[in-house]
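File shown: input20.tsv. Contents: TSV, all heavy atoms.
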chain	number	residue	atom	x	y	z
C	256	MET	N	-10.15	84.12	104.49
C	256	MET	CA	-9.54	85.42	104.50
C	256	MET	C	-8.02	85.29	104.34
C	256	MET	O	-7.40	86.06	103.60
C	256	MET	CB	-9.90	86.11	105.82
C	256	MET	CG	-9.58	87.53	105.87
C	256	MET	SD	-11.00	88.46	105.38
C	256	MET	CE	-10.44	90.04	105.80
C	257	GLY	N	-7.44	84.33	105.05
C	257	GLY	CA	-5.99	84.11	104.95
C	257	GLY	C	-5.55	83.77	103.55
C	257	GLY	O	-4.50	84.23	103.09
C	258	ASN	N	-6.33	82.97	102.85
C	258	ASN	CA	-5.98	82.59	101.48
C	258	ASN	C	-6.01	83.81	100.55
C	258	ASN	O	-5.18	83.92	99.65
C	258	ASN	CB	-6.92	81.51	100.96
C	258	ASN	CG	-6.67	80.19	101.63
C	258	ASN	OD1	-5.61	79.94	102.16
C	258	ASN	ND2	-7.67	79.33	101.61
C	259	ALA	N	-6.94	84.70	100.77
C	259	ALA	CA	-7.01	85.91	99.95
C	259	ALA	C	-5.76	86.76	100.15
C	259	ALA	O	-5.18	87.26	99.17
C	259	ALA	CB	-8.26	86.71	100.28
C	260	TYR	N	-5.34	86.92	101.39
C	260	TYR	CA	-4.12	87.69	101.65
C	260	TYR	C	-2.90	86.99	101.07
C	260	TYR	O	-2.01	87.63	100.52
C	260	TYR	CB	-3.92	87.89	103.15
C	260	TYR	CG	-4.78	88.98	103.74
C	260	TYR	CD1	-5.71	88.71	104.73
C	260	TYR	CD2	-4.65	90.31	103.32
C	260	TYR	CE1	-6.49	89.69	105.29
C	260	TYR	CE2	-5.43	91.30	103.87
C	260	TYR	CZ	-6.34	91.00	104.85
C	260	TYR	OH	-7.11	91.99	105.38
C	261	ARG	N	-2.84	85.66	101.19
C	261	ARG	CA	-1.71	84.91	100.64
C	261	ARG	C	-1.61	85.10	99.14
C	261	ARG	O	-0.52	85.31	98.60
C	261	ARG	CB	-1.85	83.42	100.98
C	261	ARG	CG	-0.70	82.58	100.45
C	261	ARG	CD	-0.93	81.11	100.71
C	261	ARG	NE	-2.25	80.62	100.36
C	261	ARG	CZ	-2.63	80.30	99.12
C	261	ARG	NH1	-1.81	80.44	98.11
C	261	ARG	NH2	-3.85	79.85	98.90
C	262	LYS	N	-2.74	85.05	98.44
C	262	LYS	CA	-2.74	85.22	96.99
C	262	LYS	C	-2.29	86.61	96.58
C	262	LYS	O	-1.72	86.79	95.51
C	262	LYS	CB	-4.13	84.92	96.43
C	262	LYS	CG	-4.47	83.45	96.48
C	262	LYS	CD	-5.87	83.18	95.97
C	262	LYS	CE	-6.20	81.71	96.12
C	262	LYS	NZ	-7.57	81.42	95.69
C	263	ARG	N	-2.54	87.61	97.44
C	263	ARG	CA	-2.09	88.97	97.16
C	263	ARG	C	-0.62	89.17	97.52
C	263	ARG	O	-0.05	90.20	97.23
C	263	ARG	CB	-2.92	89.98	97.94
C	263	ARG	CG	-4.32	90.13	97.42
C	263	ARG	CD	-5.13	91.17	98.11
C	263	ARG	NE	-4.35	92.16	98.83
C	263	ARG	CZ	-4.85	92.96	99.76
C	263	ARG	NH1	-6.11	92.88	100.08
C	263	ARG	NH2	-4.09	93.85	100.37
C	264	GLY	N	-0.02	88.17	98.17
C	264	GLY	CA	1.38	88.26	98.56
C	264	GLY	C	1.60	88.87	99.93
C	264	GLY	O	2.72	89.14	100.32
C	265	ASP	N	0.52	89.11	100.67
C	265	ASP	CA	0.61	89.69	102.01
C	265	ASP	C	0.68	88.54	103.02
C	265	ASP	O	-0.30	88.20	103.67
C	265	ASP	CB	-0.60	90.59	102.27
C	265	ASP	CG	-0.45	91.41	103.53
C	265	ASP	OD1	0.48	91.15	104.31
C	265	ASP	OD2	-1.28	92.32	103.73
C	266	PHE	N	1.87	87.97	103.15
C	266	PHE	CA	2.04	86.79	103.98
C	266	PHE	C	1.83	87.08	105.46
C	266	PHE	O	1.32	86.23	106.19
C	266	PHE	CB	3.42	86.16	103.76
C	266	PHE	CG	3.61	85.57	102.39
C	266	PHE	CD1	4.86	85.43	101.85
C	266	PHE	CD2	2.53	85.14	101.64
C	266	PHE	CE1	5.05	84.88	100.60
C	266	PHE	CE2	2.69	84.58	100.39
C	266	PHE	CZ	3.96	84.45	99.87
C	267	ALA	N	2.20	88.25	105.93
C	267	ALA	CA	2.02	88.58	107.35
C	267	ALA	C	0.54	88.57	107.73
C	267	ALA	O	0.16	87.99	108.74
C	267	ALA	CB	2.65	89.93	107.65
C	268	GLN	N	-0.28	89.21	106.91
C	268	GLN	CA	-1.72	89.23	107.18
C	268	GLN	C	-2.32	87.84	107.06
C	268	GLN	O	-3.20	87.46	107.82
C	268	GLN	CB	-2.44	90.20	106.25
C	268	GLN	CG	-2.39	91.63	106.69
C	268	GLN	CD	-3.07	91.83	108.02
C	268	GLN	OE1	-2.42	91.93	109.05
C	268	GLN	NE2	-4.38	91.89	108.01
C	269	ALA	N	-1.84	87.07	106.08
C	269	ALA	CA	-2.33	85.70	105.90
C	269	ALA	C	-2.04	84.87	107.15
C	269	ALA	O	-2.91	84.16	107.64
C	269	ALA	CB	-1.69	85.07	104.68
C	270	LEU	N	-0.81	84.99	107.67
C	270	LEU	CA	-0.46	84.25	108.88
C	270	LEU	C	-1.33	84.66	110.05
C	270	LEU	O	-1.78	83.81	110.83
C	270	LEU	CB	1.02	84.45	109.23
C	270	LEU	CG	2.01	83.74	108.32
C	270	LEU	CD1	3.43	84.15	108.66
C	270	LEU	CD2	1.85	82.23	108.42
C	271	ASN	N	-1.59	85.94	110.18
C	271	ASN	CA	-2.46	86.41	111.26
C	271	ASN	C	-3.86	85.81	111.15
C	271	ASN	O	-4.45	85.39	112.15
C	271	ASN	CB	-2.54	87.94	111.27
C	271	ASN	CG	-1.26	88.57	111.76
C	271	ASN	OD1	-0.49	87.96	112.48
C	271	ASN	ND2	-1.03	89.81	111.36
C	272	CYS	N	-4.39	85.77	109.96
C	272	CYS	CA	-5.72	85.20	109.76
C	272	CYS	C	-5.73	83.70	110.06
C	272	CYS	O	-6.67	83.20	110.67
C	272	CYS	CB	-6.20	85.45	108.33
C	272	CYS	SG	-6.62	87.16	108.00
C	273	TYR	N	-4.69	83.00	109.62
C	273	TYR	CA	-4.62	81.57	109.90
C	273	TYR	C	-4.55	81.32	111.40
C	273	TYR	O	-5.21	80.42	111.92
C	273	TYR	CB	-3.41	80.93	109.22
C	273	TYR	CG	-3.48	80.90	107.71
C	273	TYR	CD1	-2.34	81.05	106.94
C	273	TYR	CD2	-4.68	80.73	107.04
C	273	TYR	CE1	-2.38	81.02	105.56
C	273	TYR	CE2	-4.74	80.69	105.66
C	273	TYR	CZ	-3.59	80.84	104.91
C	273	TYR	OH	-3.64	80.80	103.55
C	274	LEU	N	-3.75	82.11	112.11
C	274	LEU	CA	-3.62	81.94	113.56
C	274	LEU	C	-4.95	82.23	114.27
C	274	LEU	O	-5.32	81.52	115.21
C	274	LEU	CB	-2.51	82.84	114.11
C	274	LEU	CG	-1.09	82.44	113.73
C	274	LEU	CD1	-0.10	83.50	114.18
C	274	LEU	CD2	-0.74	81.09	114.30
C	275	GLU	N	-5.65	83.24	113.80
C	275	GLU	CA	-6.95	83.56	114.39
C	275	GLU	C	-7.94	82.43	114.16
C	275	GLU	O	-8.68	82.04	115.07
C	275	GLU	CB	-7.48	84.86	113.80
C	275	GLU	CG	-8.73	85.36	114.46
C	275	GLU	CD	-9.18	86.71	113.90
C	275	GLU	OE1	-8.34	87.48	113.42
C	275	GLU	OE2	-10.40	86.96	113.97
C	276	ALA	N	-7.94	81.87	112.95
C	276	ALA	CA	-8.84	80.77	112.63
C	276	ALA	C	-8.50	79.54	113.46
C	276	ALA	O	-9.40	78.83	113.93
C	276	ALA	CB	-8.77	80.44	111.15
C	277	MET	N	-7.20	79.29	113.68
C	277	MET	CA	-6.80	78.13	114.48
C	277	MET	C	-7.17	78.32	115.94
C	277	MET	O	-7.46	77.35	116.63
C	277	MET	CB	-5.29	77.89	114.34
C	277	MET	CG	-4.91	77.40	112.96
C	277	MET	SD	-3.18	76.94	112.71
C	277	MET	CE	-2.25	78.13	113.58
C	278	ALA	N	-7.18	79.56	116.43
C	278	ALA	CA	-7.58	79.82	117.81
C	278	ALA	C	-9.07	79.53	118.01
C	278	ALA	O	-9.48	79.04	119.06
C	278	ALA	CB	-7.26	81.25	118.19
C	279	ILE	N	-9.86	79.83	116.99
C	279	ILE	CA	-11.30	79.58	117.06
C	279	ILE	C	-11.60	78.10	116.93
C	279	ILE	O	-12.42	77.55	117.66
C	279	ILE	CB	-12.03	80.40	115.97
C	279	ILE	CG1	-11.89	81.90	116.26
C	279	ILE	CG2	-13.49	79.99	115.88
C	279	ILE	CD1	-12.35	82.78	115.12
C	280	ASN	N	-10.93	77.45	115.97
C	280	ASN	CA	-11.17	76.03	115.71
C	280	ASN	C	-9.83	75.35	115.43
C	280	ASN	O	-9.33	75.44	114.31
C	280	ASN	CB	-12.12	75.85	114.53
C	280	ASN	CG	-12.38	74.40	114.22
C	280	ASN	OD1	-11.95	73.50	114.94
C	280	ASN	ND2	-13.08	74.15	113.13
C	281	PRO	N	-9.25	74.65	116.41
C	281	PRO	CA	-7.94	74.01	116.22
C	281	PRO	C	-7.92	72.92	115.14
C	281	PRO	O	-6.85	72.52	114.70
C	281	PRO	CB	-7.64	73.40	117.59
C	281	PRO	CG	-8.54	74.09	118.55
C	281	PRO	CD	-9.73	74.53	117.77
C	282	ASP	N	-9.08	72.46	114.70
C	282	ASP	CA	-9.14	71.42	113.68
C	282	ASP	C	-9.47	71.98	112.29
C	282	ASP	O	-9.76	71.22	111.37
C	282	ASP	CB	-10.19	70.38	114.05
C	282	ASP	CG	-9.83	69.64	115.33
C	282	ASP	OD1	-8.61	69.42	115.55
C	282	ASP	OD2	-10.74	69.31	116.11
C	283	SER	N	-9.40	73.28	112.13
C	283	SER	CA	-9.78	73.90	110.86
C	283	SER	C	-8.69	73.68	109.80
C	283	SER	O	-7.54	73.37	110.13
C	283	SER	CB	-10.01	75.41	111.04
C	283	SER	OG	-8.78	76.08	111.18
C	284	PRO	N	-9.04	73.85	108.54
C	284	PRO	CA	-8.05	73.73	107.46
C	284	PRO	C	-6.95	74.79	107.55
C	284	PRO	O	-5.93	74.68	106.88
C	284	PRO	CB	-8.88	73.92	106.18
C	284	PRO	CG	-10.29	73.70	106.58
C	284	PRO	CD	-10.39	74.03	108.02
C	285	ALA	N	-7.14	75.79	108.39
C	285	ALA	CA	-6.12	76.83	108.56
C	285	ALA	C	-4.83	76.26	109.11
C	285	ALA	O	-3.76	76.81	108.86
C	285	ALA	CB	-6.65	77.93	109.46
C	286	VAL	N	-4.91	75.15	109.83
C	286	VAL	CA	-3.70	74.53	110.38
C	286	VAL	C	-2.77	74.11	109.24
C	286	VAL	O	-1.58	74.41	109.26
C	286	VAL	CB	-4.06	73.31	111.27
C	286	VAL	CG1	-2.83	72.58	111.73
C	286	VAL	CG2	-4.92	73.74	112.44
C	287	GLU	N	-3.33	73.44	108.26
C	287	GLU	CA	-2.53	72.99	107.12
C	287	GLU	C	-2.06	74.18	106.28
C	287	GLU	O	-0.92	74.21	105.83
C	287	GLU	CB	-3.32	72.01	106.25
C	287	GLU	CG	-2.51	71.43	105.13
C	287	GLU	CD	-3.27	70.39	104.32
C	287	GLU	OE1	-4.36	69.98	104.75
C	287	GLU	OE2	-2.77	70.02	103.25
C	288	ALA	N	-2.93	75.15	106.08
C	288	ALA	CA	-2.57	76.33	105.30
C	288	ALA	C	-1.43	77.10	105.98
C	288	ALA	O	-0.50	77.56	105.32
C	288	ALA	CB	-3.78	77.23	105.11
C	289	HIS	N	-1.50	77.21	107.31
C	289	HIS	CA	-0.46	77.89	108.08
C	289	HIS	C	0.87	77.16	107.91
C	289	HIS	O	1.90	77.78	107.68
C	289	HIS	CB	-0.86	77.96	109.55
C	289	HIS	CG	0.15	78.59	110.42
C	289	HIS	ND1	1.10	77.86	111.09
C	289	HIS	CD2	0.39	79.91	110.72
C	289	HIS	CE1	1.86	78.69	111.78
C	289	HIS	NE2	1.46	79.93	111.57
C	290	GLN	N	0.84	75.84	108.02
C	290	GLN	CA	2.06	75.05	107.90
C	290	GLN	C	2.66	75.18	106.50
C	290	GLN	O	3.88	75.31	106.36
C	290	GLN	CB	1.80	73.58	108.24
C	290	GLN	CG	3.06	72.74	108.25
C	290	GLN	CD	4.10	73.25	109.22
C	290	GLN	OE1	3.80	73.55	110.36
C	290	GLN	NE2	5.33	73.38	108.77
C	291	MET	N	1.84	75.14	105.49
C	291	MET	CA	2.34	75.28	104.12
C	291	MET	C	2.98	76.65	103.90
C	291	MET	O	4.04	76.76	103.28
C	291	MET	CB	1.23	75.03	103.10
C	291	MET	CG	0.83	73.59	103.01
C	291	MET	SD	-0.25	73.19	101.63
C	291	MET	CE	-1.70	74.14	102.01
C	292	LEU	N	2.34	77.69	104.40
C	292	LEU	CA	2.90	79.04	104.25
C	292	LEU	C	4.20	79.17	105.03
C	292	LEU	O	5.16	79.78	104.54
C	292	LEU	CB	1.89	80.09	104.70
C	292	LEU	CG	2.29	81.53	104.46
C	292	LEU	CD1	2.66	81.79	103.00
C	292	LEU	CD2	1.17	82.47	104.87
C	293	MET	N	4.28	78.58	106.21
C	293	MET	CA	5.53	78.62	106.97
C	293	MET	C	6.65	77.88	106.23
C	293	MET	O	7.79	78.32	106.22
C	293	MET	CB	5.34	78.02	108.37
C	293	MET	CG	4.50	78.88	109.29
C	293	MET	SD	5.13	80.55	109.50
C	293	MET	CE	6.69	80.23	110.31
C	294	ASN	N	6.32	76.78	105.57
C	294	ASN	CA	7.31	76.06	104.77
C	294	ASN	C	7.83	76.93	103.63
C	294	ASN	O	9.02	76.91	103.32
C	294	ASN	CB	6.73	74.76	104.21
C	294	ASN	CG	6.54	73.71	105.27
C	294	ASN	OD1	7.12	73.77	106.35
C	294	ASN	ND2	5.68	72.74	104.99
C	295	ILE	N	6.96	77.69	103.01
C	295	ILE	CA	7.37	78.59	101.93
C	295	ILE	C	8.29	79.67	102.48
C	295	ILE	O	9.34	79.97	101.90
C	295	ILE	CB	6.15	79.21	101.24
C	295	ILE	CG1	5.38	78.14	100.47
C	295	ILE	CG2	6.55	80.36	100.33
C	295	ILE	CD1	4.01	78.58	99.99
C	296	ILE	N	7.91	80.26	103.59
C	296	ILE	CA	8.69	81.35	104.18
C	296	ILE	C	10.05	80.85	104.65
C	296	ILE	O	11.06	81.55	104.49
C	296	ILE	CB	7.91	82.00	105.34
C	296	ILE	CG1	6.70	82.74	104.79
C	296	ILE	CG2	8.80	82.94	106.14
C	296	ILE	CD1	5.74	83.22	105.85
C	297	GLU	N	10.10	79.66	105.22
C	297	GLU	CA	11.34	79.13	105.78
C	297	GLU	C	12.21	78.40	104.77
C	297	GLU	O	13.30	77.94	105.12
C	297	GLU	CB	11.00	78.18	106.94
C	297	GLU	CG	10.38	78.89	108.11
C	297	GLU	CD	9.86	77.95	109.17
C	297	GLU	OE1	9.79	76.72	108.93
C	297	GLU	OE2	9.53	78.45	110.26
C	298	PHE	N	11.78	78.32	103.52
C	298	PHE	CA	12.54	77.60	102.50
C	298	PHE	C	13.93	78.20	102.36
C	298	PHE	O	14.10	79.41	102.29
C	298	PHE	CB	11.83	77.64	101.15
C	298	PHE	CG	12.62	76.99	100.05
C	298	PHE	CD1	12.69	75.61	99.97
C	298	PHE	CD2	13.30	77.75	99.12
C	298	PHE	CE1	13.42	75.00	98.97
C	298	PHE	CE2	14.04	77.15	98.12
C	298	PHE	CZ	14.10	75.78	98.04
C	299	TYR	N	14.92	77.35	102.34
C	299	TYR	CA	16.30	77.78	102.18
C	299	TYR	C	16.98	76.78	101.26
C	299	TYR	O	16.99	75.59	101.54
C	299	TYR	CB	16.99	77.82	103.54
C	299	TYR	CG	18.46	78.13	103.46
C	299	TYR	CD1	18.90	79.43	103.25
C	299	TYR	CD2	19.41	77.12	103.59
C	299	TYR	CE1	20.25	79.71	103.17
C	299	TYR	CE2	20.76	77.41	103.51
C	299	TYR	CZ	21.18	78.70	103.31
C	299	TYR	OH	22.51	79.00	103.22
C	300	HIS	N	17.53	77.27	100.19
C	300	HIS	CA	18.23	76.42	99.24
C	300	HIS	C	19.66	76.90	99.18
C	300	HIS	O	19.96	77.93	98.62
C	300	HIS	CB	17.56	76.50	97.86
C	300	HIS	CG	18.01	75.43	96.94
C	300	HIS	ND1	19.19	75.46	96.26
C	300	HIS	CD2	17.40	74.26	96.59
C	300	HIS	CE1	19.32	74.39	95.53
C	300	HIS	NE2	18.24	73.64	95.71
C	301	LYS	N	20.57	76.12	99.78
C	301	LYS	CA	21.95	76.58	99.96
C	301	LYS	C	22.63	76.89	98.65
C	301	LYS	O	23.51	77.76	98.60
C	301	LYS	CB	22.75	75.55	100.75
C	301	LYS	CG	22.93	74.23	100.04
C	301	LYS	CD	23.76	73.27	100.83
C	301	LYS	CE	23.94	71.99	100.02
C	301	LYS	NZ	24.88	71.09	100.59
C	302	ASP	N	22.27	76.24	97.56
C	302	ASP	CA	22.91	76.51	96.27
C	302	ASP	C	22.60	77.90	95.75
C	302	ASP	O	23.37	78.47	94.98
C	302	ASP	CB	22.49	75.46	95.24
C	302	ASP	CG	23.01	74.09	95.59
C	302	ASP	OD1	24.01	73.99	96.34
C	302	ASP	OD2	22.42	73.09	95.12
C	303	TYR	N	21.47	78.47	96.12
C	303	TYR	CA	21.12	79.81	95.68
C	303	TYR	C	21.94	80.87	96.39
C	303	TYR	O	22.14	81.96	95.90
C	303	TYR	CB	19.65	80.10	95.91
C	303	TYR	CG	18.71	79.32	95.01
C	303	TYR	CD1	17.45	78.98	95.42
C	303	TYR	CD2	19.11	78.91	93.73
C	303	TYR	CE1	16.58	78.28	94.60
C	303	TYR	CE2	18.27	78.20	92.92
C	303	TYR	CZ	17.00	77.89	93.35
C	303	TYR	OH	16.15	77.18	92.54
C	304	TYR	N	22.42	80.55	97.58
C	304	TYR	CA	23.16	81.53	98.38
C	304	TYR	C	24.66	81.32	98.35
C	304	TYR	O	25.42	82.19	98.69
C	304	TYR	CB	22.66	81.49	99.83
C	304	TYR	CG	21.20	81.87	99.92
C	304	TYR	CD1	20.22	80.91	100.13
C	304	TYR	CD2	20.80	83.18	99.76
C	304	TYR	CE1	18.90	81.25	100.19
C	304	TYR	CE2	19.47	83.53	99.81
C	304	TYR	CZ	18.53	82.57	100.04
C	304	TYR	OH	17.21	82.91	100.09
C	305	ASN	N	25.10	80.13	97.95
C	305	ASN	CA	26.54	79.81	97.89
C	305	ASN	C	26.88	79.21	96.53
C	305	ASN	O	27.01	78.01	96.39
C	305	ASN	CB	26.90	78.79	98.99
C	305	ASN	CG	26.65	79.33	100.37
C	305	ASN	OD1	26.99	80.46	100.65
C	305	ASN	ND2	26.04	78.53	101.23
C	306	PRO	N	27.04	80.06	95.54
C	306	PRO	CA	27.29	79.52	94.18
C	306	PRO	C	28.58	78.76	94.05
C	306	PRO	O	29.50	78.83	94.72
C	306	PRO	CB	27.31	80.76	93.31
C	306	PRO	CG	27.28	81.94	94.19
C	306	PRO	CD	27.01	81.48	95.57
Written as structure tokens, that's how I'd like the structure from this file.
Amino acid sequence: MGNAYRKRGDFAQALNCYLEAMAINPDSPAVEAHQMLMNIIEFYHKDYYNP
């Protein structure tokens, strides 16, 4: 479910689904998917903001 939301660009819903899946099964692939999505959200490239 989280992947479907991520593909639609609804990152908030995707994160919620990943967190719910991790609560049910801490060893699920949602752990890696959550981390990858957080890396995308937290990406900061200083050259883009300070020309």
Exercise for review: Excluding C:Tyr273 and residues on its chain fewer than 3 positions from it, collect all residues at most 4.5 Å away from it, counting all atoms listed in the file, and give them as a list in words.
Suggested key: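 Those residues are Gly257, Asn258, Arg261, Ala269, Leu270, Ala276, Met277, Ala285, Ala288, His289 and Leu292 of chain C.
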Practice item. From a DSSP pass on the backbone, collect the residues of chain C flagged as helix (DSSP H, G or I) and hand them back as an MDAnalysis selection string. Key: chainID C and resid 257:263 266:279 285:297 301:304
Review point. Could you state the separation of atom CG of C:Asp282 and atom CZ of C:Arg263 in Å, given to one decimal place?
Key: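 Atom CZ of C:Arg263 lies 28.5 Å from atom CG of C:Asp282.
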For stretch 286-298 of chain C, what centre and edge lengths in Å (one decimal) does the axis-aligned box get once 8 Å is added on each side of all its listed atoms, as lines of an AutoDock Vina configuration file?
center_x = 4.6
center_y = 76.6
center_z = 105.2
size_x = 35.0
size_y = 29.2
size_z = 30.4
Point to revise | Top pick for closest residue to C:Cys272, considering C:Glu297, C:Gln290, C:Pro284, C:Tyr260 and counting all atoms listed in the file | key: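 Ranked by minimum distance to C:Cys272, first place goes to C:Tyr260.
You will find atom N of C:Asp265 at 21.2 Å from atom CG1 of C:Ile279.
The space between atom CA of C:Met256 and atom CA of C:Gln268 spans 9.1 Å.
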